[in-house]
file upload21.cif (mmCIF, C-alpha atoms)
data_structure
#
loop_
_atom_site.label_atom_id
_atom_site.label_comp_id
_atom_site.auth_asym_id
_atom_site.auth_seq_id
_atom_site.Cartn_x
_atom_site.Cartn_y
_atom_site.Cartn_z
CA MET K 13 20.61 -35.22 -25.82
CA ASN K 14 21.05 -31.58 -26.31
CA THR K 15 17.61 -30.58 -25.13
CA HIS K 16 18.25 -32.06 -21.71
CA ALA K 17 21.06 -29.63 -21.24
CA LEU K 18 18.66 -26.70 -21.62
CA SER K 19 18.15 -25.21 -18.23
CA LEU K 20 14.82 -23.77 -17.13
CA LYS K 21 16.31 -20.32 -17.45
CA ASP K 22 17.14 -20.85 -21.12
CA MET K 23 13.71 -22.29 -21.78
CA ARG K 24 12.08 -19.17 -20.40
CA LYS K 25 13.78 -17.16 -23.10
CA SER K 26 12.11 -19.11 -25.88
CA GLN K 27 8.95 -17.67 -27.32
CA ALA K 28 7.78 -21.03 -28.69
CA ILE K 29 8.05 -22.65 -25.29
CA TRP K 30 6.07 -19.84 -23.68
CA PHE K 31 3.27 -20.17 -26.23
CA ALA K 32 3.18 -23.96 -25.87
CA GLY K 33 3.32 -23.70 -22.09
CA ILE K 34 0.47 -21.20 -21.96
CA ALA K 35 -1.67 -23.36 -24.28
CA ALA K 36 -1.06 -26.41 -22.12
CA ALA K 37 -1.77 -24.45 -18.94
CA LEU K 38 -5.06 -23.19 -20.40
CA VAL K 39 -6.23 -26.71 -21.27
CA LEU K 40 -5.32 -27.93 -17.81
CA TRP K 41 -7.04 -24.88 -16.30
CA PHE K 42 -10.37 -25.61 -18.01
CA ALA K 43 -10.18 -29.31 -17.23
CA LEU K 44 -9.60 -28.58 -13.56
CA TYR K 45 -12.23 -25.88 -13.47
CA ARG K 46 -14.96 -28.24 -14.66
CA GLN K 47 -14.15 -30.64 -11.85
CA LEU K 48 -14.43 -28.10 -9.05
CA LEU K 49 -18.07 -28.53 -8.07
CA PRO K 50 -18.08 -32.36 -8.09
CA SER K 51 -14.85 -32.38 -6.07
CA ALA K 52 -16.25 -29.97 -3.50
CA GLN K 53 -19.38 -32.10 -3.12
CA TRP K 54 -17.27 -35.23 -2.87
CA LEU K 55 -15.06 -33.64 -0.21
CA VAL K 56 -18.05 -32.63 1.90
CA ALA K 57 -19.51 -36.12 1.52
CA GLN K 58 -16.32 -37.56 3.01
CA THR K 59 -16.78 -35.56 6.21
CA PRO K 60 -19.23 -36.52 8.96
CA ILE K 61 -21.24 -33.34 8.31
CA LYS K 62 -24.91 -34.06 7.88
CA PRO K 63 -25.91 -33.57 4.21
CA GLY K 64 -28.29 -30.70 3.61
CA SER K 65 -27.44 -28.95 6.87
CA HIS K 66 -26.38 -25.29 7.21
CA LEU K 67 -22.84 -26.43 7.91
CA ALA K 68 -22.71 -28.65 4.82
CA SER K 69 -23.91 -25.77 2.68
CA SER K 70 -21.30 -23.42 4.14
CA VAL K 71 -18.44 -25.90 3.85
CA GLU K 72 -19.32 -26.81 0.28
CA PHE K 73 -19.45 -23.13 -0.69
CA PHE K 74 -16.00 -22.67 0.84
CA PHE K 75 -14.41 -25.70 -0.84
CA TYR K 76 -15.92 -24.79 -4.19
CA ASP K 77 -15.31 -21.06 -4.18
CA THR K 78 -11.75 -20.96 -2.87
CA PRO K 79 -10.12 -22.81 -5.77
CA LYS K 80 -12.57 -21.27 -8.23
CA VAL K 81 -11.79 -17.69 -7.26
CA LEU K 82 -8.06 -18.28 -7.06
CA MET K 83 -7.98 -19.94 -10.48
CA LEU K 84 -10.04 -17.19 -12.09
CA LEU K 85 -7.94 -14.52 -10.49
CA THR K 86 -4.74 -16.10 -11.79
CA LEU K 87 -6.10 -16.21 -15.32
CA VAL K 88 -7.44 -12.66 -15.30
CA VAL K 89 -4.37 -11.14 -13.68
CA PHE K 90 -2.05 -12.86 -16.11
CA ALA K 91 -4.01 -11.64 -19.13
CA MET K 92 -4.19 -8.11 -17.77
CA GLY K 93 -0.51 -8.15 -16.83
CA VAL K 94 0.29 -8.86 -20.48
CA VAL K 95 -2.11 -6.16 -21.75
CA ARG K 96 -0.57 -3.59 -19.39
CA THR K 97 2.87 -3.99 -20.91
CA PHE K 98 1.47 -2.05 -23.89
CA PHE K 99 0.79 0.98 -21.68
CA SER K 100 2.77 3.06 -19.22
CA PRO K 101 1.80 5.99 -16.99
CA GLU K 102 4.27 8.18 -18.90
CA HIS K 103 2.55 7.42 -22.19
CA THR K 104 -0.86 7.95 -20.67
CA ARG K 105 0.20 11.34 -19.40
CA ALA K 106 1.50 12.33 -22.81
CA LEU K 107 -1.83 11.28 -24.30
CA LEU K 108 -3.82 13.29 -21.77
CA ALA K 109 -1.72 16.44 -21.49
CA GLY K 110 -3.51 19.40 -22.97
CA LYS K 111 -6.65 17.38 -23.68
CA ARG K 112 -9.79 19.34 -23.24
CA GLU K 113 -12.28 18.44 -20.55
CA GLY K 114 -15.05 16.17 -21.63
CA LEU K 115 -13.14 14.13 -24.17
CA GLY K 116 -10.17 14.16 -21.80
CA ASN K 117 -12.30 12.76 -18.97
CA ILE K 118 -13.53 9.95 -21.18
CA ALA K 119 -10.02 9.07 -22.34
CA ALA K 120 -8.65 9.28 -18.79
CA ALA K 121 -11.26 6.92 -17.35
CA HIS K 122 -10.57 4.32 -20.04
CA LEU K 123 -6.82 4.65 -19.72
CA GLY K 124 -7.25 4.20 -15.97
CA ILE K 125 -8.27 0.60 -16.60
CA VAL K 126 -5.29 -0.45 -18.68
CA THR K 127 -2.45 1.71 -17.34
CA PRO K 128 -0.30 -0.08 -14.79
CA PHE K 129 -0.72 1.75 -11.53
CA CYS K 130 0.07 0.95 -7.93
CA SER K 131 -1.41 2.90 -5.07
CA CYS K 132 2.04 3.82 -3.72
CA SER K 133 2.51 5.72 -6.99
CA ALA K 134 -0.71 7.70 -6.54
CA VAL K 135 1.02 10.89 -5.39
CA PRO K 136 3.82 11.00 -7.99
CA LEU K 137 1.21 10.20 -10.60
CA PHE K 138 -1.12 12.93 -9.47
CA VAL K 139 1.66 15.53 -9.33
CA GLY K 140 3.14 14.31 -12.59
CA PHE K 141 -0.19 14.62 -14.37
CA VAL K 142 -1.14 18.02 -13.01
CA SER K 143 2.29 19.55 -13.50
CA ALA K 144 2.40 18.35 -17.11
CA GLY K 145 -0.79 20.21 -17.92
CA VAL K 146 -3.35 17.45 -17.55
CA PRO K 147 -6.47 19.27 -16.26
CA LEU K 148 -7.37 18.57 -12.63
CA GLY K 149 -10.74 17.04 -13.49
CA VAL K 150 -9.17 14.75 -16.09
CA THR K 151 -6.60 13.62 -13.53
CA PHE K 152 -9.43 12.78 -11.14
CA SER K 153 -11.22 10.76 -13.79
CA PHE K 154 -8.09 8.67 -14.08
CA LEU K 155 -7.62 8.34 -10.32
CA ILE K 156 -11.22 7.28 -9.76
CA ALA K 157 -11.32 4.75 -12.58
CA ALA K 158 -7.93 3.15 -11.92
CA PRO K 159 -8.71 1.40 -8.63
CA MET K 160 -12.47 0.97 -9.15
CA VAL K 161 -12.74 -0.51 -12.60
CA ASN K 162 -9.85 -2.90 -12.32
CA GLU K 163 -9.33 -6.26 -13.90
CA VAL K 164 -9.68 -8.12 -10.63
CA ALA K 165 -13.11 -6.65 -9.92
CA LEU K 166 -14.37 -7.17 -13.46
CA GLY K 167 -12.96 -10.65 -13.90
CA LEU K 168 -14.37 -11.89 -10.64
CA LEU K 169 -17.79 -10.28 -11.13
CA PHE K 170 -17.94 -11.85 -14.58
CA ALA K 171 -17.11 -15.27 -13.20
CA LEU K 172 -19.15 -15.24 -10.02
CA VAL K 173 -22.27 -13.21 -10.76
CA GLY K 174 -22.40 -13.22 -14.53
CA TRP K 175 -21.42 -11.09 -17.49
CA GLN K 176 -24.48 -8.83 -17.29
CA VAL K 177 -23.45 -7.58 -13.87
CA ALA K 178 -19.79 -7.29 -14.88
CA LEU K 179 -20.62 -5.25 -17.98
CA THR K 180 -22.99 -2.98 -16.10
CA TYR K 181 -20.36 -2.48 -13.43
CA LEU K 182 -17.85 -1.58 -16.13
CA ALA K 183 -20.23 0.90 -17.77
CA PHE K 184 -21.30 2.54 -14.54
CA GLY K 185 -17.77 2.59 -13.11
CA LEU K 186 -16.50 4.37 -16.22
CA GLY K 187 -19.51 6.70 -16.25
CA LEU K 188 -18.96 7.60 -12.62
CA ALA K 189 -15.26 8.33 -13.15
CA ILE K 190 -16.03 10.47 -16.20
CA VAL K 191 -18.85 12.48 -14.63
CA ALA K 192 -17.21 12.91 -11.22
CA GLY K 193 -13.96 14.07 -12.85
CA TRP K 194 -15.84 16.42 -15.11
CA VAL K 195 -17.77 17.94 -12.19
CA ILE K 196 -14.58 18.44 -10.18
CA GLY K 197 -13.02 20.09 -13.24
CA ARG K 198 -16.02 22.42 -13.67
CA LEU K 199 -15.70 23.57 -10.06
CA HIS K 200 -12.22 25.00 -10.82
CA LEU K 201 -10.59 23.89 -7.61
CA GLU K 202 -6.97 24.17 -8.72
CA GLY K 203 -6.45 26.68 -5.92
CA TRP K 204 -7.25 24.00 -3.38
CA LEU K 205 -4.23 21.90 -4.18
CA GLU K 206 -1.41 21.94 -1.68
CA PRO K 207 0.80 24.93 -2.60
CA TRP K 208 3.91 22.92 -3.47
CA VAL K 209 1.98 20.92 -6.06
CA ARG K 210 1.13 24.05 -8.00
CA GLU K 211 4.76 25.17 -7.99
CA VAL K 212 6.27 21.97 -9.31
CA ARG K 213 7.47 22.24 -12.88
CA ALA K 214 7.99 18.81 -14.24
CA GLY K 215 11.25 18.29 -16.04
CA GLU K 216 11.24 16.85 -19.51
CA THR K 217 12.04 13.19 -19.59
CA GLU K 218 12.51 11.02 -22.54
CA LEU K 219 12.73 7.45 -21.49
CA GLU K 220 14.24 5.26 -24.13
CA ASP K 221 11.62 3.11 -25.74
CA ILE K 222 12.39 -0.34 -24.49
CA HIS K 223 11.49 -2.88 -27.10
CA MET K 224 9.55 -5.66 -25.47
CA SER K 225 9.39 -9.12 -26.94
CA TRP K 226 6.46 -11.44 -26.30
CA VAL K 227 8.62 -13.30 -23.82
CA ASP K 228 9.07 -10.07 -21.85
CA ARG K 229 5.33 -9.45 -21.91
CA PHE K 230 4.53 -12.97 -20.70
CA GLU K 231 7.15 -12.62 -18.00
CA ALA K 232 5.45 -9.39 -16.92
CA GLY K 233 2.09 -11.19 -16.82
CA TRP K 234 3.57 -13.92 -14.67
CA ASP K 235 5.19 -11.35 -12.36
CA ALA K 236 1.78 -9.72 -11.95
CA VAL K 237 0.28 -13.07 -10.96
CA LYS K 238 2.98 -13.68 -8.39
CA GLU K 239 2.62 -10.21 -6.98
CA ILE K 240 -1.16 -9.72 -6.96
CA VAL K 241 -2.27 -13.25 -6.19
CA GLY K 242 0.52 -13.51 -3.64
CA LYS K 243 -0.75 -10.37 -1.97
CA VAL K 244 -4.50 -10.95 -2.00
CA TRP K 245 -4.97 -14.68 -1.46
CA TYR K 246 -5.56 -14.36 2.27
CA TRP K 247 -8.06 -11.57 1.68
CA ILE K 248 -9.88 -13.86 -0.68
CA ILE K 249 -9.97 -16.74 1.74
CA ALA K 250 -11.26 -14.41 4.46
CA GLY K 251 -13.84 -13.06 2.01
CA ILE K 252 -14.95 -16.54 1.03
CA ALA K 253 -15.18 -17.61 4.66
CA ALA K 254 -17.46 -14.63 5.34
CA GLY K 255 -19.41 -15.46 2.19
CA ALA K 256 -19.70 -19.09 3.24
CA PHE K 257 -21.11 -18.06 6.58
CA ILE K 258 -23.72 -15.83 4.94
CA HIS K 259 -24.46 -18.55 2.43
CA GLY K 260 -25.12 -21.20 5.06
CA TYR K 261 -26.47 -19.36 8.07
CA VAL K 262 -27.99 -15.98 7.30
CA PRO K 263 -31.63 -16.44 6.35
CA ALA K 264 -32.61 -14.94 3.01
CA GLU K 265 -35.63 -13.09 4.40
CA LEU K 266 -33.46 -11.20 6.87
CA LEU K 267 -31.16 -9.75 4.22
CA SER K 268 -33.80 -8.99 1.63
CA HIS K 269 -35.69 -7.30 4.42
CA ILE K 270 -32.74 -5.08 5.38
CA MET K 271 -31.10 -4.65 2.00
CA GLY K 272 -33.91 -5.22 -0.47
CA ALA K 273 -34.74 -2.77 -3.22
CA ASP K 274 -37.78 -1.33 -1.46
CA ARG K 275 -35.70 0.11 1.37
CA TRP K 276 -34.69 3.57 0.21
CA TRP K 277 -32.09 4.04 2.94
CA SER K 278 -30.23 0.83 2.15
CA VAL K 279 -28.11 2.44 -0.59
CA PRO K 280 -26.74 5.35 1.49
CA ALA K 281 -26.25 2.98 4.42
CA ALA K 282 -24.22 0.63 2.22
CA ILE K 283 -22.02 3.52 1.05
CA LEU K 284 -21.36 4.80 4.57
CA LEU K 285 -20.58 1.27 5.69
CA GLY K 286 -18.10 0.91 2.82
CA ILE K 287 -15.95 4.00 3.46
CA PRO K 288 -14.04 2.85 6.54
CA MET K 289 -13.71 -0.66 5.14
CA TYR K 290 -10.55 -1.20 3.23
CA SER K 291 -10.41 -4.23 1.11
CA ASN K 292 -9.51 -4.83 -2.44
CA ALA K 293 -12.02 -6.05 -4.96
CA ALA K 294 -10.79 -9.60 -4.58
CA GLY K 295 -11.77 -9.90 -0.94
CA ILE K 296 -15.15 -8.25 -1.26
CA ILE K 297 -16.54 -10.13 -4.23
CA PRO K 298 -17.15 -13.50 -2.57
CA VAL K 299 -19.19 -11.64 0.06
CA ILE K 300 -21.11 -9.91 -2.70
CA GLU K 301 -21.89 -13.16 -4.43
CA ALA K 302 -23.30 -14.56 -1.20
CA LEU K 303 -25.29 -11.38 -0.48
CA LEU K 304 -26.84 -11.40 -3.93
CA GLY K 305 -27.82 -15.02 -3.54
CA LYS K 306 -29.72 -14.03 -0.43
CA GLY K 307 -31.91 -11.47 -2.12
CA THR K 308 -29.95 -8.28 -1.51
CA ALA K 309 -30.72 -5.72 -4.20
CA LEU K 310 -28.04 -5.50 -6.89
CA GLY K 311 -27.73 -1.69 -6.77
CA THR K 312 -27.19 -1.74 -3.03
CA VAL K 313 -24.50 -4.38 -3.36
CA LEU K 314 -22.70 -2.54 -6.16
CA ALA K 315 -22.84 0.74 -4.24
CA PHE K 316 -21.28 -1.03 -1.30
CA MET K 317 -18.57 -2.48 -3.48
CA MET K 318 -17.75 0.81 -5.20
CA SER K 319 -17.66 2.58 -1.86
CA VAL K 320 -15.26 0.04 -0.35
CA ILE K 321 -12.90 0.29 -3.30
CA ALA K 322 -13.13 3.93 -4.43
CA LEU K 323 -13.64 5.75 -1.14
CA SER K 324 -11.17 4.42 1.36
CA PHE K 325 -9.48 6.14 4.27
CA PRO K 326 -5.96 4.89 3.52
CA GLU K 327 -6.14 6.38 0.03
CA MET K 328 -7.39 9.69 1.44
CA ILE K 329 -4.40 9.81 3.75
CA ILE K 330 -2.04 9.33 0.82
CA LEU K 331 -3.84 11.97 -1.25
CA ARG K 332 -3.83 14.40 1.68
CA LYS K 333 -0.19 15.09 0.77
CA VAL K 334 -1.31 16.81 -2.42
CA LEU K 335 -4.92 17.84 -1.80
CA SER K 336 -6.26 20.22 0.79
CA LEU K 337 -8.92 18.87 3.15
CA LYS K 338 -11.54 20.93 1.31
CA LEU K 339 -10.64 19.26 -1.97
CA ILE K 340 -10.76 15.81 -0.37
CA ALA K 341 -14.21 16.63 1.00
CA VAL K 342 -15.38 17.64 -2.48
CA PHE K 343 -13.90 14.45 -3.90
CA ILE K 344 -15.76 12.30 -1.36
CA ALA K 345 -19.00 14.22 -1.89
CA VAL K 346 -18.91 14.03 -5.69
CA VAL K 347 -17.91 10.36 -5.85
CA GLY K 348 -20.35 9.50 -3.06
CA CYS K 349 -23.25 11.15 -4.91
CA GLY K 350 -22.26 9.30 -8.06
CA ILE K 351 -22.27 5.96 -6.27
CA LEU K 352 -25.63 6.82 -4.71
CA ALA K 353 -27.05 7.48 -8.17
CA VAL K 354 -25.61 4.21 -9.50
CA GLY K 355 -27.15 2.32 -6.59
CA TYR K 356 -30.64 3.74 -7.03
CA LEU K 357 -30.54 3.39 -10.79
CA PHE K 358 -29.55 -0.27 -10.55
CA ASN K 359 -32.21 -1.03 -8.01
CA ALA K 360 -34.78 0.64 -10.24
CA LEU K 361 -33.58 -1.16 -13.38
CA PHE K 362 -33.15 -4.67 -12.02
CA SER K 363 -35.99 -5.13 -9.59
CA MET C 23 32.20 8.17 -10.11
CA LYS C 24 28.59 7.83 -11.10
CA ASP C 25 25.95 9.72 -9.22
CA ILE C 26 22.81 7.60 -8.90
CA LYS C 27 19.49 8.62 -7.45
CA VAL C 28 16.66 6.25 -6.65
CA LEU C 29 13.34 8.09 -6.67
CA GLY C 30 10.50 6.79 -4.55
CA PRO C 31 8.43 7.64 -1.49
CA GLY C 32 9.77 4.66 0.42
CA CYS C 33 7.59 1.77 -0.56
CA LYS C 34 8.93 -1.74 -0.58
CA ARG C 35 9.69 -1.74 -4.28
CA CYS C 36 11.76 1.43 -3.96
CA GLN C 37 13.88 -0.22 -1.27
CA THR C 38 14.32 -3.30 -3.46
CA THR C 39 15.34 -1.10 -6.38
CA GLU C 40 17.98 0.62 -4.30
CA ASP C 41 19.39 -2.73 -3.20
CA MET C 42 19.42 -3.91 -6.82
CA VAL C 43 21.32 -0.82 -7.95
CA LYS C 44 23.93 -1.28 -5.25
CA ALA C 45 24.29 -4.98 -5.99
CA ALA C 46 24.64 -4.41 -9.74
CA ALA C 47 27.22 -1.66 -9.23
CA GLY C 48 29.12 -3.92 -6.88
CA GLU C 49 29.14 -6.75 -9.41
CA LEU C 50 30.43 -4.45 -12.12
CA GLY C 51 33.04 -3.05 -9.76
CA LEU C 52 31.85 0.52 -10.34
CA ASP C 53 32.42 3.35 -7.96
CA VAL C 54 29.00 4.89 -7.38
CA SER C 55 27.18 7.05 -4.90
CA VAL C 56 23.58 6.01 -4.40
CA GLU C 57 21.17 8.52 -2.98
CA LYS C 58 17.52 8.00 -2.19
CA VAL C 59 15.07 10.77 -3.06
CA THR C 60 11.85 10.47 -1.08
CA ASP C 61 10.49 13.99 -1.28
CA TYR C 62 7.50 14.13 -3.62
CA ALA C 63 8.34 17.59 -4.94
CA GLU C 64 11.89 16.49 -5.76
CA ILE C 65 10.62 13.35 -7.46
CA ALA C 66 8.15 15.33 -9.54
CA LYS C 67 10.91 17.61 -10.82
CA TYR C 68 12.41 14.69 -12.68
CA GLY C 69 9.20 14.40 -14.64
CA ILE C 70 8.43 10.80 -13.81
CA VAL C 71 4.89 9.63 -13.11
CA SER C 72 5.45 6.24 -11.55
CA THR C 73 7.90 5.11 -8.95
CA PRO C 74 10.48 3.78 -8.32
CA GLY C 75 12.60 5.77 -10.75
CA ILE C 76 16.33 5.64 -11.38
CA VAL C 77 18.44 8.65 -12.33
CA ILE C 78 22.06 8.19 -13.40
CA ASP C 79 24.19 11.32 -13.68
CA GLY C 80 21.10 13.48 -13.97
CA LYS C 81 19.40 11.39 -16.66
CA VAL C 82 16.23 9.44 -15.93
CA VAL C 83 16.73 5.89 -17.14
CA HIS C 84 13.83 4.09 -15.54
CA ALA C 85 10.38 4.77 -14.09
CA GLY C 86 7.79 2.43 -12.63
CA GLY C 87 8.28 -1.05 -11.28
CA LEU C 88 11.40 -3.01 -10.58
CA PRO C 89 14.14 -2.67 -13.18
CA LYS C 90 15.50 -5.70 -14.97
CA GLU C 91 18.96 -6.73 -13.90
CA ASP C 92 20.32 -6.77 -17.46
CA ASP C 93 18.98 -3.28 -18.16
CA LEU C 94 20.40 -2.01 -14.90
CA LYS C 95 23.89 -3.20 -15.82
CA ARG C 96 23.57 -1.70 -19.27
CA TRP C 97 22.59 1.70 -17.85
CA LEU C 98 25.40 1.58 -15.31
CA ASN C 99 27.95 0.73 -17.98
CA ALA C 100 26.80 3.40 -20.40
#
call {"tool": "encode", "arguments": {"input": "upload21.cif", "output": "structure tokens"}}
result
Amino acid sequence: MNTHALSLKDMRKSQAIWFAGIAAALVLWFALYRQLLPSAQWLVAQTPIKPGSHLASSVEFFFYDTPKVLMLLTLVVFAMGVVRTFFSPEHTRALLAGKREGLGNIAAAHLGIVTPFCSCSAVPLFVGFVSAGVPLGVTFSFLIAAPMVNEVALGLLFALVGWQVALTYLAFGLGLAIVAGWVIGRLHLEGWLEPWVREVRAGETELEDIHMSWVDRFEAGWDAVKEIVGKVWYWIIAGIAAGAFIHGYVPAELLSHIMGADRWWSVPAAILLGIPMYSNAAGIIPVIEALLGKGTALGTVLAFMMSVIALSFPEMIILRKVLSLKLIAVFIAVVGCGILAVGYLFNALFS
Amino acid sequence: MKDIKVLGPGCKRCQTTEDMVKAAAGELGLDVSVEKVTDYAEIAKYGIVSTPGIVIDGKVVHAGGLPKEDDLKRWLNA
């Protein structure tokens, strides 16, 4: 038969096969997903661990959450990988160049979510934006939103703690990026950039518009899965292990005592704790789920999460190449205050 | 002889891109000189926003992410 002669490589070029394959994978995904909790309980029952003990609770959490998080992440990253093929940093820059502040900040924060961006590109992106006439504050709105409000964080929050929390995180993350960028723009700190950044005149480039077929877009989605899931899976397992420990062993009264809503200092403490920690959203969310389950106030937890992702030392070191120390300090102060406000507001709203 | 520059601060993808360019040129039997540009100011002058970028004879042909092998050969043959 002819079809048998089709190699896998040829099949990957066919749009129909991609659509059929994705549909089949989705059905399988949901079928598997529904079986996760019973399987985890069954697995624990097969071990000699005493039912109802701390250890049983921890182990069940681990066996249930690990496949759940990895499956969700795969789905979300694939979908976002496909969406991102419709955007490019070059297009985003063209959209933002010459935009006025205010509207520009809003556009930049939203584009930060969907524009493909890797942290090793942060410096070329920053320089490319500023030199092309994107206002400094607008550039910051983009740089704050891009890592913080990412698909991994949103997808996992949605799945693990519910859509209300995910949507609020989205709204507050965007709001923070917009306001912080706007404030930095108002302060007129262009003079605090490293001198060479101000002198760069970007050349004109016109990249040919590469026509992408759906097959190309799906391939890009799959590449994103291989890259991101391949890079973060051990973070996730470490995060779930930490979450499992909290879930099984840390008494609820202890955490709600330390991190409950009535402790005013818990929000700033969570932010300070988050700065030196460097993790991506994927590793921190299982911990957050466990913390929330133990009565930690939502605002405190979100402040911690935003601080870990948006204010990290490694990113500061990269940005130091283009920003003076004074500008980095302003950046930390403005974003830190924003996170503080988000934390208190959440605690006030949801307690 | 084609003059090729690979723009990138030295992350893993930039290294992979450089290897891909060399391999593709080798397969096509082209005589090329491949130079790596790691200085941020130099990279910015080409007007690209995301790395790695590829410049062939002064023209930017690619920016952001790994290039596709087919595209790479097309650019090199142009």
call {"tool": "interface_residues", "arguments": {"input": "upload21.cif", "of": "chain C", "to": "chain K", "cutoff": "12 Å", "atoms": "only C-alpha atoms", "output": "MDAnalysis selection string"}}
result
chainID C and resid 29:36 60:77 80:90 93 97
call {"tool": "resolve_selection", "arguments": {"input": "upload21.cif", "expression": "the PyMOL selection byres ((chain C and resi 57) around 12)", "output": "PyMOL selection string"}}
result
chain C and resi 24-30+36-37+39-41+43-44+54-56+58-60+75-79
call {"tool": "closest_atom_pairs", "arguments": {"input": "upload21.cif", "of": "region 85-109 of chain K", "to": "region 32-39 of chain K", "cutoff": "12 Å", "atoms": "only C-alpha atoms", "output": "JSON lines"}}
result
{"residue": "K:Thr86", "atom": "CA", "partner": "K:Leu38", "partner_atom": "CA", "distance": 11.2}
{"residue": "K:Leu87", "atom": "CA", "partner": "K:Leu38", "partner_atom": "CA", "distance": 8.7}
{"residue": "K:Val88", "atom": "CA", "partner": "K:Leu38", "partner_atom": "CA", "distance": 11.9}
{"residue": "K:Phe90", "atom": "CA", "partner": "K:Ile34", "partner_atom": "CA", "distance": 10.5}
{"residue": "K:Ala91", "atom": "CA", "partner": "K:Ile34", "partner_atom": "CA", "distance": 10.9}
call {"tool": "atom_distance", "arguments": {"input": "upload21.cif", "atom1": "CA of Leu331 (chain K)", "atom2": "CA of Glu206 (chain K)"}}
result
10.3 Å
call {"tool": "resolve_selection", "arguments": {"input": "upload21.cif", "expression": "the PyMOL selection byres ((chain K and resi 165-181) around 8)", "output": "PyMOL selection string"}}
result
chain K and resi 81+84-85+88+160-164+182-185+293-294+297-298+301+314
call {"tool": "residues_around", "arguments": {"input": "upload21.cif", "residues": "Gly355 (chain K)", "least_positions_apart": "2", "cutoff": "12 Å", "atoms": "all atoms listed in the file", "output": "VMD selection string"}}
result
chain K and resid 180 to 181 184 to 185 188 271 to 273 275 to 283 309 to 319 348 to 353 357 to 363
call {"tool": "atom_distance", "arguments": {"input": "upload21.cif", "atom1": "CA of Lys111 (chain K)", "atom2": "CA of Pro207 (chain K)"}}
result
23.6 Å
call {"tool": "resolve_selection", "arguments": {"input": "upload21.cif", "expression": "the PyMOL selection byres ((chain K and resi 258) around 9)", "output": "PyMOL selection string"}}
result
chain K and resi 70+253-257+259-263+299+302-303+306
call {"tool": "atom_distance", "arguments": {"input": "upload21.cif", "atom1": "CA of Leu186 (chain K)", "atom2": "CA of Ala120 (chain K)"}}
result
9.6 Å
call {"tool": "build_atoms", "arguments": {"input": "upload21.cif", "residues": "region 56-68 of chain C", "atoms": "N, CA and C atoms", "output": "tab-separated table (two decimals), in the frame of the given file"}}
result
chain	number	residue	atom	x	y	z
C	56	VAL	N	25.01	6.21	-4.24
C	56	VAL	CA	23.58	6.01	-4.40
C	56	VAL	C	22.83	6.84	-3.37
C	57	GLU	N	21.93	7.67	-3.87
C	57	GLU	CA	21.17	8.52	-2.98
C	57	GLU	C	19.69	8.24	-3.18
C	58	LYS	N	18.94	8.25	-2.08
C	58	LYS	CA	17.52	8.00	-2.19
C	58	LYS	C	16.77	9.33	-2.12
C	59	VAL	N	15.87	9.54	-3.06
C	59	VAL	CA	15.07	10.77	-3.06
C	59	VAL	C	13.64	10.40	-2.69
C	60	THR	N	13.19	10.86	-1.52
C	60	THR	CA	11.85	10.47	-1.08
C	60	THR	C	10.87	11.63	-1.11
C	61	ASP	N	11.38	12.84	-1.29
C	61	ASP	CA	10.49	13.99	-1.28
C	61	ASP	C	9.68	14.07	-2.58
C	62	TYR	N	8.36	14.17	-2.43
C	62	TYR	CA	7.50	14.13	-3.62
C	62	TYR	C	7.80	15.26	-4.60
C	63	ALA	N	8.07	16.45	-4.05
C	63	ALA	CA	8.34	17.59	-4.94
C	63	ALA	C	9.62	17.35	-5.74
C	64	GLU	N	10.64	16.80	-5.07
C	64	GLU	CA	11.89	16.49	-5.76
C	64	GLU	C	11.66	15.45	-6.85
C	65	ILE	N	10.89	14.41	-6.49
C	65	ILE	CA	10.62	13.35	-7.46
C	65	ILE	C	9.92	13.91	-8.69
C	66	ALA	N	8.94	14.78	-8.43
C	66	ALA	CA	8.15	15.33	-9.54
C	66	ALA	C	9.02	16.14	-10.49
C	67	LYS	N	10.06	16.78	-9.96
C	67	LYS	CA	10.91	17.61	-10.82
C	67	LYS	C	11.60	16.80	-11.90
C	68	TYR	N	11.78	15.51	-11.66
C	68	TYR	CA	12.41	14.69	-12.68
C	68	TYR	C	11.43	14.29	-13.78
